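Student: Data file input31.txt (compact mmCIF, C-alpha atoms and all ligand atoms) is appended below.
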```
# COMPACT_ATOMS: atom_id res chain seq x y z
CA MET A 17 -21.33 21.16 25.73
CA GLN A 18 -24.79 20.14 26.92
CA GLN A 19 -26.11 22.65 29.44
CA ASP A 20 -28.42 21.80 32.33
CA LYS A 21 -31.10 24.24 31.32
CA GLN A 22 -33.65 23.12 28.82
CA GLY A 23 -36.07 25.04 26.65
CA PRO A 24 -39.66 25.15 27.93
CA ASP A 25 -42.64 23.08 26.82
CA ILE A 26 -44.93 25.23 24.69
CA HIS A 27 -48.57 24.62 25.53
CA LEU A 28 -51.36 25.60 23.16
CA ARG A 29 -54.52 25.63 25.24
CA ASP A 30 -57.60 25.84 23.04
CA VAL A 31 -55.98 28.48 20.84
CA ARG A 32 -58.50 29.74 18.28
CA LEU A 33 -57.93 32.18 15.45
CA ARG A 34 -59.76 33.13 12.28
CA LEU A 35 -57.92 34.63 9.29
CA GLY A 36 -60.35 35.55 6.50
CA GLU A 37 -62.44 32.41 5.98
CA THR A 38 -59.86 30.08 7.56
CA ARG A 39 -60.34 28.90 11.12
CA PHE A 40 -57.59 27.50 13.32
CA HIS A 41 -57.95 25.59 16.57
CA PHE A 42 -54.68 24.45 18.10
CA VAL A 43 -54.54 22.17 21.13
CA GLY A 44 -51.30 20.45 22.11
CA THR A 45 -47.77 20.75 23.43
CA VAL A 46 -44.42 21.28 21.74
CA GLN A 47 -42.00 19.24 23.86
CA GLY A 48 -39.38 21.29 25.70
CA GLY A 49 -35.74 20.78 24.76
CA CYS A 50 -36.54 18.82 21.59
CA ILE A 51 -36.30 19.57 17.89
CA THR A 52 -39.86 19.12 16.61
CA ALA A 53 -40.54 18.96 12.87
CA LEU A 54 -43.78 20.80 12.07
CA ILE A 55 -45.27 19.13 9.02
CA GLY A 56 -48.53 19.27 7.12
CA PRO A 57 -49.98 20.07 3.71
CA SER A 58 -49.62 23.50 2.13
CA GLY A 59 -52.11 25.90 3.71
CA SER A 60 -52.70 23.69 6.76
CA GLY A 61 -51.61 26.34 9.28
CA LYS A 62 -47.92 25.69 10.02
CA SER A 63 -46.77 29.30 9.55
CA THR A 64 -49.84 30.50 11.43
CA LEU A 65 -48.91 28.29 14.38
CA LEU A 66 -45.38 29.75 14.39
CA ASN A 67 -46.83 33.26 14.19
CA LEU A 68 -49.07 32.59 17.18
CA ILE A 69 -46.17 31.25 19.26
CA ALA A 70 -43.94 34.17 18.20
CA GLY A 71 -46.73 36.68 18.93
CA PHE A 72 -47.21 38.06 15.39
CA ASP A 73 -50.77 36.73 15.39
CA ALA A 74 -52.98 37.07 18.49
CA PRO A 75 -55.50 34.30 19.25
CA GLN A 76 -59.17 35.21 19.54
CA SER A 77 -59.34 32.89 22.53
CA GLY A 78 -57.21 30.37 24.38
CA LYS A 79 -53.80 30.52 25.99
CA ILE A 80 -50.20 30.09 24.93
CA VAL A 81 -47.95 29.06 27.80
CA PHE A 82 -44.15 28.65 27.80
CA GLY A 83 -43.34 26.27 30.66
CA THR A 84 -45.42 27.85 33.42
CA GLU A 85 -45.43 31.38 31.98
CA GLU A 86 -48.40 32.56 29.98
CA VAL A 87 -47.27 34.65 27.00
CA THR A 88 -50.60 35.01 25.14
CA LYS A 89 -50.67 38.80 25.45
CA LYS A 90 -46.94 39.45 25.41
CA HIS A 91 -45.42 41.52 22.64
CA PRO A 92 -43.19 39.45 20.29
CA SER A 93 -40.09 41.30 21.49
CA HIS A 94 -40.82 40.25 25.08
CA ARG A 95 -41.05 36.54 24.28
CA PRO A 96 -37.92 34.41 24.77
CA VAL A 97 -37.89 33.41 21.11
CA SER A 98 -35.49 33.50 18.16
CA LEU A 99 -36.86 33.26 14.62
CA ILE A 100 -35.57 32.06 11.32
CA PHE A 101 -38.43 32.85 8.96
CA GLN A 102 -38.68 32.74 5.18
CA ASP A 103 -38.63 36.49 4.71
CA HIS A 104 -35.45 36.69 6.82
CA ASN A 105 -36.52 39.92 8.57
CA LEU A 106 -33.24 41.65 7.75
CA PHE A 107 -33.24 45.45 7.67
CA GLY A 108 -32.31 46.60 4.15
CA HIS A 109 -30.56 49.81 5.19
CA LEU A 110 -28.28 48.09 7.71
CA ASP A 111 -25.18 46.03 6.96
CA LEU A 112 -24.84 42.38 7.88
CA PHE A 113 -22.85 42.95 11.08
CA THR A 114 -25.46 45.40 12.34
CA ASN A 115 -28.35 43.14 11.38
CA VAL A 116 -26.85 40.28 13.39
CA GLY A 117 -25.93 42.64 16.26
CA LEU A 118 -29.61 43.63 16.51
CA GLY A 119 -30.23 40.09 17.72
CA ILE A 120 -28.25 40.90 20.87
CA HIS A 121 -29.38 44.44 21.51
CA PRO A 122 -32.13 46.41 19.73
CA SER A 123 -30.36 49.67 20.57
CA LEU A 124 -27.12 48.30 19.13
CA LYS A 125 -25.09 49.31 22.15
CA LEU A 126 -22.73 46.40 21.74
CA SER A 127 -19.87 45.66 24.10
CA ALA A 128 -16.55 44.34 22.83
CA GLU A 129 -17.72 40.85 23.90
CA ASP A 130 -20.99 41.32 21.95
CA ARG A 131 -19.04 42.34 18.85
CA ARG A 132 -16.83 39.29 19.24
CA GLN A 133 -19.95 37.11 19.43
CA VAL A 134 -21.36 38.61 16.23
CA SER A 135 -18.08 37.96 14.40
CA THR A 136 -17.94 34.38 15.72
CA ALA A 137 -21.55 33.73 14.67
CA LEU A 138 -20.94 35.10 11.17
CA ALA A 139 -17.84 32.90 10.87
CA ARG A 140 -19.81 29.87 12.09
CA VAL A 141 -22.37 30.26 9.29
CA GLY A 142 -19.67 30.92 6.69
CA LEU A 143 -20.27 34.66 6.24
CA ALA A 144 -16.96 36.00 7.60
CA GLY A 145 -15.73 38.87 5.45
CA MET A 146 -19.27 39.92 4.46
CA GLU A 147 -19.89 42.10 7.54
CA GLN A 148 -20.27 45.35 5.57
CA ARG A 149 -22.63 43.97 2.92
CA LYS A 150 -26.26 45.10 2.74
CA PRO A 151 -29.01 42.44 2.55
CA ALA A 152 -29.91 43.40 -1.05
CA THR A 153 -26.46 42.23 -2.17
CA LEU A 154 -26.85 38.78 -0.59
CA SER A 155 -28.26 35.61 -2.12
CA GLY A 156 -31.31 33.91 -0.58
CA GLY A 157 -29.06 31.31 1.03
CA GLU A 158 -26.74 33.99 2.46
CA LYS A 159 -29.71 35.85 3.94
CA GLN A 160 -30.90 32.60 5.47
CA ARG A 161 -27.46 32.06 7.01
CA ALA A 162 -27.49 35.64 8.36
CA ALA A 163 -30.81 34.87 10.05
CA PHE A 164 -29.15 31.78 11.53
CA ALA A 165 -26.23 33.89 12.81
CA ARG A 166 -28.69 36.23 14.49
CA ALA A 167 -30.41 33.29 16.18
CA LEU A 168 -26.98 32.07 17.35
CA VAL A 169 -26.19 35.33 19.18
CA ARG A 170 -29.60 35.60 20.84
CA HIS A 171 -29.32 32.57 23.11
CA LYS A 172 -33.10 32.30 23.50
CA PRO A 173 -34.68 29.12 24.88
CA VAL A 174 -37.16 28.82 21.99
CA LEU A 175 -36.20 28.73 18.30
CA LEU A 176 -38.90 28.89 15.60
CA MET A 177 -37.88 28.11 12.03
CA ASP A 178 -39.96 28.25 8.85
CA GLU A 179 -38.26 26.03 6.25
CA PRO A 180 -34.80 27.23 7.32
CA PHE A 181 -32.89 25.18 4.76
CA ALA A 182 -35.21 25.50 1.75
CA ALA A 183 -33.15 28.21 0.01
CA LEU A 184 -29.81 26.43 0.44
CA ASP A 185 -28.03 24.16 -2.02
CA PRO A 186 -27.46 20.56 -0.85
CA GLY A 187 -23.89 21.05 0.51
CA LEU A 188 -24.77 24.12 2.50
CA ARG A 189 -28.02 22.53 3.61
CA SER A 190 -26.17 19.72 5.33
CA ASP A 191 -23.62 22.16 6.86
CA MET A 192 -26.41 24.29 8.31
CA ALA A 193 -28.33 21.23 9.48
CA ALA A 194 -25.18 20.10 11.33
CA LEU A 195 -24.91 23.58 12.85
CA LEU A 196 -28.50 23.38 14.04
CA VAL A 197 -27.86 20.02 15.72
CA GLU A 198 -24.67 21.40 17.33
CA LEU A 199 -26.47 24.54 18.51
CA HIS A 200 -29.29 22.44 19.91
CA ARG A 201 -26.85 20.19 21.75
CA GLU A 202 -25.18 23.25 23.31
CA THR A 203 -28.36 25.05 24.35
CA GLY A 204 -31.09 22.41 24.79
CA SER A 205 -33.53 24.92 23.30
CA THR A 206 -37.06 24.06 22.24
CA VAL A 207 -36.97 24.06 18.43
CA LEU A 208 -40.05 24.02 16.21
CA MET A 209 -39.10 23.73 12.54
CA VAL A 210 -41.46 23.75 9.55
CA THR A 211 -40.21 21.37 6.90
CA HIS A 212 -41.49 19.60 3.79
CA ASP A 213 -38.42 17.35 3.67
CA PRO A 214 -38.83 13.79 5.09
CA ASP A 215 -35.03 13.53 5.38
CA GLU A 216 -34.92 16.53 7.73
CA VAL A 217 -37.68 14.97 9.81
CA GLU A 218 -35.78 11.72 10.22
CA ARG A 219 -32.24 13.12 10.59
CA LEU A 220 -32.74 16.30 12.63
CA SER A 221 -35.85 15.91 14.72
CA GLN A 222 -36.77 13.97 17.82
CA ARG A 223 -40.46 14.73 17.54
CA VAL A 224 -43.03 15.43 14.86
CA MET A 225 -46.15 17.58 14.95
CA PHE A 226 -48.57 17.06 12.08
CA VAL A 227 -50.97 19.91 11.28
CA GLU A 228 -53.94 19.63 8.95
CA GLY A 229 -56.96 21.86 8.42
CA GLY A 230 -55.83 24.32 11.09
CA ARG A 231 -55.52 21.65 13.81
CA ILE A 232 -52.74 19.63 15.41
CA MET A 233 -53.64 16.08 14.32
CA LEU A 234 -50.65 14.26 15.80
CA GLU A 235 -47.65 14.87 18.07
CA THR A 236 -45.30 11.94 18.41
CA SER A 237 -41.65 10.88 18.53
CA VAL A 238 -39.84 10.32 15.25
CA SER A 239 -39.11 6.77 16.35
CA ASP A 240 -42.87 6.09 16.59
CA LEU A 241 -43.59 7.50 13.15
CA GLY A 242 -43.58 3.95 11.74
CA GLU A 243 -46.98 3.56 13.37
CA HIS A 244 -48.27 6.57 11.46
CA ARG A 245 -47.01 5.66 8.02
CA GLU A 246 -50.21 6.99 6.44
CA ILE A 247 -48.81 10.50 6.81
CA PHE A 248 -45.71 9.65 4.81
CA ALA A 249 -47.31 7.04 2.57
CA VAL A 250 -49.65 9.48 0.92
CA GLY A 251 -47.05 12.24 0.99
CA ARG A 252 -49.50 14.58 2.62
CA PHE A 253 -46.82 16.96 3.83
CA LEU A 254 -44.50 16.96 0.84
CA ARG A 255 -44.17 20.10 -1.22
CA THR A 256 -46.26 19.58 -4.39
N1 LIG B 301 -53.90 37.13 6.83
C1 LIG B 301 -54.63 36.14 6.28
N2 LIG B 301 -55.88 36.36 5.80
C2 LIG B 301 -56.62 35.36 5.28
N3 LIG B 301 -56.19 34.09 5.18
C3 LIG B 301 -54.96 33.81 5.63
C4 LIG B 301 -54.10 34.80 6.20
N4 LIG B 301 -52.94 34.23 6.57
C5 LIG B 301 -53.05 32.91 6.23
N5 LIG B 301 -54.25 32.67 5.67
C6 LIG B 301 -54.73 31.36 5.19
O1 LIG B 301 -54.60 30.43 6.24
C7 LIG B 301 -54.22 29.16 5.72
C8 LIG B 301 -52.99 28.66 6.44
O2 LIG B 301 -51.86 29.43 6.05
P1 LIG B 301 -50.39 29.09 6.57
O3 LIG B 301 -49.48 30.09 5.92
O4 LIG B 301 -50.38 29.02 8.04
O5 LIG B 301 -50.17 27.64 5.93
P2 LIG B 301 -48.85 26.74 5.87
O6 LIG B 301 -49.24 25.40 6.42
O7 LIG B 301 -47.70 27.43 6.50
O8 LIG B 301 -48.64 26.61 4.28
P3 LIG B 301 -47.31 26.46 3.35
O9 LIG B 301 -46.78 25.08 3.61
O10 LIG B 301 -47.87 26.58 1.98
O11 LIG B 301 -46.36 27.57 3.72
C9 LIG B 301 -54.02 29.35 4.22
O12 LIG B 301 -55.17 28.88 3.56
C10 LIG B 301 -53.86 30.83 4.06
O13 LIG B 301 -54.35 31.27 2.81
```
So, in terms of structure tokens, how does the structure I just supplied come out?
Tutor:
Amino acid sequence: MQQDKQGPDIHLRDVRLRLGETRFHFVGTVQGGCITALIGPSGSGKSTLLNLIAGFDAPQSGKIVFGTEEVTKKHPSHRPVSLIFQDHNLFGHLDLFTNVGLGIHPSLKLSAEDRRQVSTALARVGLAGMEQRKPATLSGGEKQRAAFARALVRHKPVLLMDEPFAALDPGLRSDMAALLVELHRETGSTVLMVTHDPDEVERLSQRVMFVEGGRIMLETSVSDLGEHREIFAVGRFLRT
């Protein structure tokens, strides 16, 4: 069911950061309520941009604004964001149920309704029956699905994903992609998804943001990508 609420625009206002010798300068807007594919060559700054929006990296100058709310100095845990990152961020000493439950409540004081939500989310990603397993006993794809389950229970208006389907085999990849589209239809969240897969750009996303050399070079709708064929033609964002 499509809800009325929609995820916020994410504005990057002259956001500058230097990591070692690499300089980043991001100016642009991630469109609210859309799935945006974040593409660009290896080392161009895609993960850094996600880290800035999530609050794991702090800009040296500039502002990050969600809708009308500035979040530049907010701690990551106080930003209305769910993450599905490559390192999964699962706690090794906690079982799967608990790891997903942490998405709802950091103190793990879960109500019966919360526990029902965790079980439903695990079933939705195909991990029912694995509640007691520790992360070390899970495959890369299972950990990725656990991260997805945690995002499902959080109900946050912004979802940041760093190659969420890369560790999955083709069948599971299309199941999880369908789940993302379903989730997005239900919540209208603002989704920013790093991908190196042109298929995912065309099938899942409404918009595309192209990053190169630490800058946003282009933000456009997928339907207008035909006018920017140079990006695809030279395969500048494909994994090499
Ligand atoms: N903590 C750091 N210290 C120094 N350099 C860094 C640091 N973090 C990232 N970099 C550099 O910044 C650049 C951008 O890195 P980033 O991980 O954002 O790229 P990316 O576009 O996500 O790449 P990939 O597609 O390979 O994952 C890279 O050259 C990287 O080496």
Student: Which residue is closest to ligand LIG 301 (chain B)? Choose from A:Leu99, A:Ile26, A:Val46, A:Leu66 and count only C-alpha atoms and all ligand atoms.
Tutor: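 Comparing A:Leu99, A:Ile26, A:Val46, A:Leu66 against ligand LIG 301 (chain B), the winner is A:Leu66.
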Student: Mind running chain A against ligand LIG 301 (chain B) at 10 Å and telling me each contacting residue's nearest atom pair with the distance in Å (one decimal), counting all atoms listed in the file, chain and number ascending, as JSON lines?
Tutor:
```
{"residue": "A:Leu33", "atom": "CA", "partner": "B:LIG301", "partner_atom": "O1", "distance": 9.9}
{"residue": "A:Arg34", "atom": "CA", "partner": "B:LIG301", "partner_atom": "C2", "distance": 8.0}
{"residue": "A:Leu35", "atom": "CA", "partner": "B:LIG301", "partner_atom": "C2", "distance": 4.3}
{"residue": "A:Gly36", "atom": "CA", "partner": "B:LIG301", "partner_atom": "C2", "distance": 3.9}
{"residue": "A:Glu37", "atom": "CA", "partner": "B:LIG301", "partner_atom": "N3", "distance": 6.5}
{"residue": "A:Thr38", "atom": "CA", "partner": "B:LIG301", "partner_atom": "O1", "distance": 5.4}
{"residue": "A:Arg39", "atom": "CA", "partner": "B:LIG301", "partner_atom": "O1", "distance": 7.7}
{"residue": "A:Phe40", "atom": "CA", "partner": "B:LIG301", "partner_atom": "O1", "distance": 8.2}
{"residue": "A:Leu54", "atom": "CA", "partner": "B:LIG301", "partner_atom": "O6", "distance": 9.1}
{"residue": "A:Ile55", "atom": "CA", "partner": "B:LIG301", "partner_atom": "O6", "distance": 7.9}
{"residue": "A:Gly56", "atom": "CA", "partner": "B:LIG301", "partner_atom": "O6", "distance": 6.2}
{"residue": "A:Pro57", "atom": "CA", "partner": "B:LIG301", "partner_atom": "O9", "distance": 5.9}
{"residue": "A:Ser58", "atom": "CA", "partner": "B:LIG301", "partner_atom": "O10", "distance": 3.5}
{"residue": "A:Gly59", "atom": "CA", "partner": "B:LIG301", "partner_atom": "O5", "distance": 3.4}
{"residue": "A:Ser60", "atom": "CA", "partner": "B:LIG301", "partner_atom": "O6", "distance": 3.9}
{"residue": "A:Gly61", "atom": "CA", "partner": "B:LIG301", "partner_atom": "O4", "distance": 3.2}
{"residue": "A:Lys62", "atom": "CA", "partner": "B:LIG301", "partner_atom": "O6", "distance": 3.8}
{"residue": "A:Ser63", "atom": "CA", "partner": "B:LIG301", "partner_atom": "O7", "distance": 3.7}
{"residue": "A:Thr64", "atom": "CA", "partner": "B:LIG301", "partner_atom": "O4", "distance": 3.7}
{"residue": "A:Leu65", "atom": "CA", "partner": "B:LIG301", "partner_atom": "O4", "distance": 6.5}
{"residue": "A:Leu66", "atom": "CA", "partner": "B:LIG301", "partner_atom": "O4", "distance": 8.1}
{"residue": "A:Asn67", "atom": "CA", "partner": "B:LIG301", "partner_atom": "O4", "distance": 8.3}
{"residue": "A:Leu68", "atom": "CA", "partner": "B:LIG301", "partner_atom": "O4", "distance": 9.9}
{"residue": "A:Asp73", "atom": "CA", "partner": "B:LIG301", "partner_atom": "N1", "distance": 9.1}
{"residue": "A:Gln102", "atom": "CA", "partner": "B:LIG301", "partner_atom": "O11", "distance": 9.4}
{"residue": "A:Asp178", "atom": "CA", "partner": "B:LIG301", "partner_atom": "O7", "distance": 8.1}
{"residue": "A:Glu179", "atom": "CA", "partner": "B:LIG301", "partner_atom": "O11", "distance": 8.6}
{"residue": "A:Val210", "atom": "CA", "partner": "B:LIG301", "partner_atom": "O7", "distance": 7.9}
{"residue": "A:Thr211", "atom": "CA", "partner": "B:LIG301", "partner_atom": "O9", "distance": 8.2}
{"residue": "A:His212", "atom": "CA", "partner": "B:LIG301", "partner_atom": "O9", "distance": 7.6}
{"residue": "A:Val227", "atom": "CA", "partner": "B:LIG301", "partner_atom": "O6", "distance": 7.5}
{"residue": "A:Glu228", "atom": "CA", "partner": "B:LIG301", "partner_atom": "O6", "distance": 7.9}
{"residue": "A:Gly229", "atom": "CA", "partner": "B:LIG301", "partner_atom": "C8", "distance": 8.1}
{"residue": "A:Gly230", "atom": "CA", "partner": "B:LIG301", "partner_atom": "C8", "distance": 7.0}
{"residue": "A:Phe253", "atom": "CA", "partner": "B:LIG301", "partner_atom": "O9", "distance": 8.1}
{"residue": "A:Leu254", "atom": "CA", "partner": "B:LIG301", "partner_atom": "O9", "distance": 8.9}
{"residue": "A:Arg255", "atom": "CA", "partner": "B:LIG301", "partner_atom": "O9", "distance": 7.4}
{"residue": "A:Thr256", "atom": "CA", "partner": "B:LIG301", "partner_atom": "O10", "distance": 9.6}
```
Student: Please determine, counting all atoms listed in the file, which residue among A:Val97, A:Leu220, A:Leu126, A:Leu208 has the shortest atom-to-atom distance to Ala167 of chain A.
Tutor: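 Looking at the shortest contact to Ala167 of chain A, the residue is A:Val97.
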Student: Using all atoms listed in the file, which of A:Val116, A:Ala183, A:Leu175, A:Ala74 sits nearest Gly204 of chain A?
Tutor: A:Leu175
Student: Hey, which of A:Ser190, A:Gln148, A:Asn105, A:Gln47 ends up closest to Arg166 of chain A? Count only C-alpha atoms.
Tutor: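 Counting only C-alpha atoms, the residue closest to Arg166 of chain A is A:Asn105.
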Student: Find the residue from A:Phe181, A:Phe42, A:Phe82, A:Phe107 that sits nearest to Ala70 of chain A; use all atoms listed in the file when measuring.
Tutor: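 Answer, going by the shortest atom-to-atom distance: A:Phe82.
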Student: Hey, can you check how far atom CA of Val81 of chain A sits from atom CA of Ile69 of chain A?
Tutor: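 That distance, rounded to one decimal, is 9.0 Å.
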Student: Quick check, in Å to one decimal: how far apart do atom CA of Ala152 of chain A and atom CA of Asn115 of chain A lie?
Tutor: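 Atom CA of Ala152 of chain A sits 12.5 Å away from atom CA of Asn115 of chain A.
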Student: Just to confirm, what's the straight-line distance from atom CA of Leu106 of chain A to atom CA of Lys159 of chain A in Å (one decimal)?
Tutor: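 For atom CA of Leu106 of chain A relative to atom CA of Lys159 of chain A, the distance reads 7.8 Å.
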Student: Taking N, CA and C atoms as the atom set, what does segment 98-126 of chain A look like once completed, written as a CSV table (one decimal), in the frame of the given file?
Tutor:
```csv
chain,number,residue,atom,x,y,z
A,98,SER,N,-36.2,33.1,19.4
A,98,SER,CA,-35.5,33.5,18.2
A,98,SER,C,-36.2,32.9,16.9
A,99,LEU,N,-36.1,33.6,15.8
A,99,LEU,CA,-36.9,33.3,14.6
A,99,LEU,C,-35.9,33.1,13.4
A,100,ILE,N,-36.2,32.1,12.6
A,100,ILE,CA,-35.6,32.1,11.3
A,100,ILE,C,-36.7,31.8,10.4
A,101,PHE,N,-37.2,32.9,9.8
A,101,PHE,CA,-38.4,32.8,9.0
A,101,PHE,C,-38.0,33.0,7.5
A,102,GLN,N,-39.0,32.7,6.6
A,102,GLN,CA,-38.7,32.7,5.2
A,102,GLN,C,-38.3,34.1,4.7
A,103,ASP,N,-38.9,35.2,5.2
A,103,ASP,CA,-38.6,36.5,4.7
A,103,ASP,C,-37.4,37.1,5.4
A,104,HIS,N,-36.8,36.3,6.2
A,104,HIS,CA,-35.4,36.7,6.8
A,104,HIS,C,-35.5,37.9,7.8
A,105,ASN,N,-36.4,38.8,7.6
A,105,ASN,CA,-36.5,39.9,8.6
A,105,ASN,C,-35.2,40.7,8.7
A,106,LEU,N,-34.5,40.8,7.7
A,106,LEU,CA,-33.2,41.6,7.8
A,106,LEU,C,-33.6,43.1,7.4
A,107,PHE,N,-33.0,44.1,8.0
A,107,PHE,CA,-33.2,45.4,7.7
A,107,PHE,C,-32.4,45.9,6.5
A,108,GLY,N,-33.0,46.3,5.4
A,108,GLY,CA,-32.3,46.6,4.2
A,108,GLY,C,-31.3,47.7,4.2
A,109,HIS,N,-31.5,48.7,5.1
A,109,HIS,CA,-30.6,49.8,5.2
A,109,HIS,C,-29.4,49.5,6.1
A,110,LEU,N,-29.4,48.4,6.8
A,110,LEU,CA,-28.3,48.1,7.7
A,110,LEU,C,-27.4,47.0,7.2
A,111,ASP,N,-26.1,47.1,7.5
A,111,ASP,CA,-25.2,46.0,7.0
A,111,ASP,C,-25.4,44.7,7.8
A,112,LEU,N,-24.7,43.7,7.3
A,112,LEU,CA,-24.8,42.4,7.9
A,112,LEU,C,-24.4,42.3,9.4
A,113,PHE,N,-23.3,43.0,9.7
A,113,PHE,CA,-22.8,43.0,11.1
A,113,PHE,C,-23.9,43.6,12.0
A,114,THR,N,-24.5,44.7,11.5
A,114,THR,CA,-25.5,45.4,12.3
A,114,THR,C,-26.7,44.6,12.5
A,115,ASN,N,-27.1,44.0,11.3
A,115,ASN,CA,-28.4,43.1,11.4
A,115,ASN,C,-28.2,42.0,12.4
A,116,VAL,N,-27.1,41.4,12.4
A,116,VAL,CA,-26.8,40.3,13.4
A,116,VAL,C,-26.8,40.8,14.8
A,117,GLY,N,-26.1,42.0,15.0
A,117,GLY,CA,-25.9,42.6,16.3
A,117,GLY,C,-27.3,43.0,16.9
A,118,LEU,N,-28.3,43.3,16.0
A,118,LEU,CA,-29.6,43.6,16.5
A,118,LEU,C,-30.2,42.5,17.3
A,119,GLY,N,-29.7,41.3,17.0
A,119,GLY,CA,-30.2,40.1,17.7
A,119,GLY,C,-29.8,40.1,19.2
A,120,ILE,N,-28.7,40.8,19.5
A,120,ILE,CA,-28.2,40.9,20.9
A,120,ILE,C,-28.9,42.1,21.6
A,121,HIS,N,-28.9,43.2,20.9
A,121,HIS,CA,-29.4,44.4,21.5
A,121,HIS,C,-30.1,45.3,20.5
A,122,PRO,N,-31.4,45.6,20.7
A,122,PRO,CA,-32.1,46.4,19.7
A,122,PRO,C,-31.5,47.8,19.6
A,123,SER,N,-30.9,48.3,20.7
A,123,SER,CA,-30.4,49.7,20.6
A,123,SER,C,-29.0,49.7,20.0
A,124,LEU,N,-28.4,48.5,19.7
A,124,LEU,CA,-27.1,48.3,19.1
A,124,LEU,C,-26.0,48.8,20.0
A,125,LYS,N,-26.2,48.9,21.3
A,125,LYS,CA,-25.1,49.3,22.2
A,125,LYS,C,-24.3,48.0,22.5
A,126,LEU,N,-23.4,47.7,21.6
A,126,LEU,CA,-22.7,46.4,21.7
A,126,LEU,C,-21.4,46.6,22.5
```
